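Here is the structure we will look at.
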Amino acid sequence: MNKKNLKADINFRSAGKKLIWYLVLSIFAVTMVMPFIWMVSTSFKDAVEVYTQNPLDLKSWMPDKFLWQNYLDVFKVIPFLKFYFNSIFIALSVTLGVVLTSSLAGYAFSRLDFPGRDKIFFAYLSTMMIPGAVVIIPVFILMRYFGWIDSYKALIVPAIFTAYGTFMLRQFFMSLPKDLEDAAKIDGCGYLGIYFRIILPLSKPALATLTVFTFIGNWQSLLWPLLVTNSIDMFTVPIGLAYFQSQYYLVNWTLLMAASTMAIAPIIVVFLFAQKFFIEGIKLEGIKG
Amino acid sequence: MRARSKESLAALLFLGPNLIGFFVFTFLPVIFSLLLSFFRWELIGAGESIFSNLKFIGFANFVKLLGFHFQDGRFVPNDPHFWYYMYNTIFLMLTIPIGIIGSLVLAIAVNRRLKGIVIYRMLFFLPVICPIAAIAVLWKVLLNPDFGLINSLIVRLGELLGLKLAGPSWLSDANWAKPAIMLVNLWMTIGGYNMILYLAALQGIPRDLYEAADIDGASSWHKFRYITIPMISPTTFFITIMSIIGGLQGSFAIIYILTGGGPANSSTTIMYYIFTNLYEFQKAGYAAAVAWILFVIIFVFSRVYWKRGGRLVHY
């Protein structure tokens, strides 16, 4: 075989390999995406059209007519905007609270010396091993005792103080060099100044990761809002969807799919902007473990 | 001395908000729920009156959950539900090895230098960021026995092949509810956290290891078996332990929407049992006892796995 043929042969083989990888990737991609496309296409369909579809016929993936009305109808049947407001308000409040209290506590644990510091930190650490179910039961009872059931307080306040956020930020702060702080101290900068002007600006990646994780985690949450809300006006998007589903599963899928699409779309937009922090955050997790 | 007390005061102010919240909403509840598991407590009323039905019963909750009694010539569990739900929980966890292998395959695939690979990565990751409730609602419709996408596909593919195929009733069939939930779980998690963790691990393997193997004429399989697998073993270890801990307390949202634990309790897990005890039966003490048993299982498992499994890891 001469040189030219050999080269062509290698090219041919690597192209074949590429093709196989693309095939594997595409099979998975289709499996992942098909349900979503079906969801969006169904959300625009006529209620009867859903029952006559043939998934092997590409034409039946396209609604006969795009019924935007389905989306409007969702708002008539359930207070979806209110669910949205609740979810966003709660997720934002919790995220703000978590980042604030965790970073303050993380600073104290990583940079300040005080009696009992390591013992308290150990208490934080040991609770991270305990399943959420163990903690949820007494906190649920506490909410009833406080009379907080069916209020924003129950959905926000208990979620703000996490051992996990404190732990994560404390670890990150520990890794920051001390020289800058020493210089700032000589310049007469107090603890608060160091926290705001040095620690926080240097920790943007960790803060962003915690923000994204907390926000998405809270947006996802189903069990806790289920326990502490009763009235439709207090429902979050997940609970609202679950409730809507229980009423409409046998009645009208198109509305159900329109509601699901509306629940999913914004979080995908957020993800597109925040994906870097998200992916980096997961990698951090793995290294820590 | 003055500087030290000033520092302590600052620490108190910085730590204060978090510490109070941590004490009230995490630390005390842990202790409280341990005590609670020795009580019977029907949660009726609110405010002060919530305590009216509290009664100390010693180990009775645990005896009921874990004990057996002799009846009609054989030993019968005091709470057969508990054992059945334990079985369901473990059954649902059978997807863990498939999921881990799948995530590894996907990670290897998206680690190729191919055009548009970033888009594939994002597509695989998509289900993880979507609200689980929306995913569950979507799959409930997809799995509808008569008009859902899955069964329509089965029927139409059958027609194409000249066969008369019919899909199972999935969520309304006690034999198929668990496999259906496993399918959804697998679909939801295969391209998620584990894939990203594996991807990071793969990218962390030094290239010269492969180059050295190439010089020795190693085959792709040999490189995979003797370089890739050992080099990513810490990640595999981490993923396995997290998946099992997660699996033991997982899938609540999916089950709540897809089946509500049914049909005939065939998809009720331990976590779901805690929820129904607390929320529907209002039996707080019993729920706490189940939760603590779950904790002990997770704790013992993590300990053993940490000690044993640690040896399988090559650093």
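Note on naming: chains are A, B, ... as they come in the structure tokens, residues start from 1 per chain, ligands start from 1 in the order shown.
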
Hey, could you make a per-residue contact list for chain B against chain A with 6 Å as the cut-off, showing the nearest pair of atoms and its distance in Å to one decimal, counting only C-alpha atoms, sorted by chain and number, as JSON lines?
{"residue": "B:Ser8", "atom": "CA", "partner": "A:Phe114", "partner_atom": "CA", "distance": 4.9}
{"residue": "B:Ala11", "atom": "CA", "partner": "A:Ala108", "partner_atom": "CA", "distance": 5.2}
{"residue": "B:Phe14", "atom": "CA", "partner": "A:Leu104", "partner_atom": "CA", "distance": 5.1}
{"residue": "B:Leu15", "atom": "CA", "partner": "A:Ala105", "partner_atom": "CA", "distance": 4.4}
{"residue": "B:Asn18", "atom": "CA", "partner": "A:Thr101", "partner_atom": "CA", "distance": 5.3}
{"residue": "B:Gly21", "atom": "CA", "partner": "A:Phe161", "partner_atom": "CA", "distance": 5.4}
{"residue": "B:Phe22", "atom": "CA", "partner": "A:Phe161", "partner_atom": "CA", "distance": 5.6}
{"residue": "B:Phe25", "atom": "CA", "partner": "A:Pro158", "partner_atom": "CA", "distance": 5.8}
{"residue": "B:Pro29", "atom": "CA", "partner": "A:Pro138", "partner_atom": "CA", "distance": 5.3}
{"residue": "B:Val30", "atom": "CA", "partner": "A:Val135", "partner_atom": "CA", "distance": 5.6}
{"residue": "B:Ser33", "atom": "CA", "partner": "A:Pro138", "partner_atom": "CA", "distance": 5.9}
{"residue": "B:Ala46", "atom": "CA", "partner": "A:Arg144", "partner_atom": "CA", "distance": 5.5}
{"residue": "B:Gly47", "atom": "CA", "partner": "A:Tyr145", "partner_atom": "CA", "distance": 4.2}
{"residue": "B:Cys130", "atom": "CA", "partner": "A:Ile264", "partner_atom": "CA", "distance": 5.5}
{"residue": "B:Pro131", "atom": "CA", "partner": "A:Gln220", "partner_atom": "CA", "distance": 4.9}
{"residue": "B:Ala133", "atom": "CA", "partner": "A:Pro238", "partner_atom": "CA", "distance": 5.1}
{"residue": "B:Ala134", "atom": "CA", "partner": "A:Ser260", "partner_atom": "CA", "distance": 5.1}
{"residue": "B:Phe147", "atom": "CA", "partner": "A:Tyr51", "partner_atom": "CA", "distance": 5.8}
{"residue": "B:Leu197", "atom": "CA", "partner": "A:Lys283", "partner_atom": "CA", "distance": 5.8}
{"residue": "B:Ala291", "atom": "CA", "partner": "A:Val134", "partner_atom": "CA", "distance": 5.2}

What parts of range 73-232 of chain B does DSSP call strand (DSSP E)? I'd like the answer as JSON, numbers by chain. {"B": [74, 75, 76, 77]}

Could you pull out all residues of range 213-315 of chain B with a DSSP call of helix (DSSP H, G or I) and give them as number ranges by chain? B: 213-215, 220-231, 233-248, 252-258, 270-280, 284-312

Pick from B:Lys140, B:Arg308, B:Lys223, B:Lys283 nearest to Gly260 in chain B, counting only C-alpha atoms: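 Nearest candidate to Gly260 in chain B out of B:Lys140, B:Arg308, B:Lys223, B:Lys283: B:Lys140.
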
From B:Thr189, B:Asn194, B:Ser220, B:Ser267, residue lying nearest Ala177 in chain B [only C-alpha atoms]: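 Closest to Ala177 in chain B of all the choices is B:Ser267.
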
Contacts of Leu165 in chain B within 7 Å, only C-alpha atoms, excl. fewer than 5 positions in-chain, as a ChimeraX atom specification: /B:154-155,158

Work out how far CA of Asp179 in chain A is from CA of Glu7 in chain B, in Å to one decimal.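 A separation of 18.5 Å between them.
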
Surrounding residues of Asn111 in chain B excluding itself and chain neighbours under 6 positions, 10 Å, only C-alpha atoms, as a compact mmCIF listing (two decimals) with C-alpha atoms, in the first residue's frame:
# COMPACT_ATOMS: atom_id res chain seq x y z
CA VAL B 105 -21.08 5.77 27.89
CA ILE B 117 -20.82 18.29 20.88
CA VAL B 118 -21.76 21.12 23.26
CA ARG B 121 -24.18 17.78 26.16
CA TYR B 198 -17.68 11.35 34.54
CA LEU B 199 -16.91 13.91 31.87
CA ALA B 200 -14.83 15.90 34.35
CA LEU B 202 -12.31 11.71 31.82
CA GLN B 203 -10.93 15.14 31.06

Which residues are near Ala184 in chain A? Cut-off 12 Å, only C-alpha atoms, ignore same chain within fewer than 3 positions. Put them as number ranges by chain. A: 178-181, 187-199

Restricting it to C-alpha atoms, dump the selection as a tab-separated table (two decimals), in the first residue's frame.
chain	number	residue	atom	x	y	z
A	178	LYS	CA	-4.87	35.54	53.47
A	179	ASP	CA	-2.40	38.23	52.28
A	180	LEU	CA	-5.05	40.56	50.92
A	181	GLU	CA	-6.91	40.55	54.21
A	187	ASP	CA	-5.18	49.78	56.23
A	188	GLY	CA	-7.77	49.77	59.01
A	189	CYS	CA	-10.43	47.66	57.32
A	190	GLY	CA	-12.84	46.02	59.77
A	191	TYR	CA	-14.36	42.53	59.59
A	192	LEU	CA	-17.39	43.74	57.69
A	193	GLY	CA	-15.16	45.59	55.24
A	194	ILE	CA	-13.09	42.47	54.63
A	195	TYR	CA	-16.23	40.40	54.13
A	196	PHE	CA	-17.77	42.82	51.63
A	197	ARG	CA	-14.70	44.12	49.82
A	198	ILE	CA	-12.41	41.10	49.75
A	199	ILE	CA	-14.11	37.80	50.52

Separation of CA of Ile244 in chain B from CA of Ala107 in chain B, in Å and rounded to one decimal: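 If I compute the distance from CA of Ile244 in chain B to CA of Ala107 in chain B, I get 20.3 Å.
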
To one decimal place in Å, what is the distance between CA of Leu209 in chain B and CA of His222 in chain B?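 About the pair CA of Leu209 in chain B and CA of His222 in chain B: they are 12.2 Å apart.
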
Residue with smallest distance to Leu258 in chain B - pool B:Leu163, B:Leu142, B:Ala212, B:Ile245, counting only C-alpha atoms: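 Among B:Leu163, B:Leu142, B:Ala212, B:Ile245, it is B:Leu142 that comes nearest to Leu258 in chain B.
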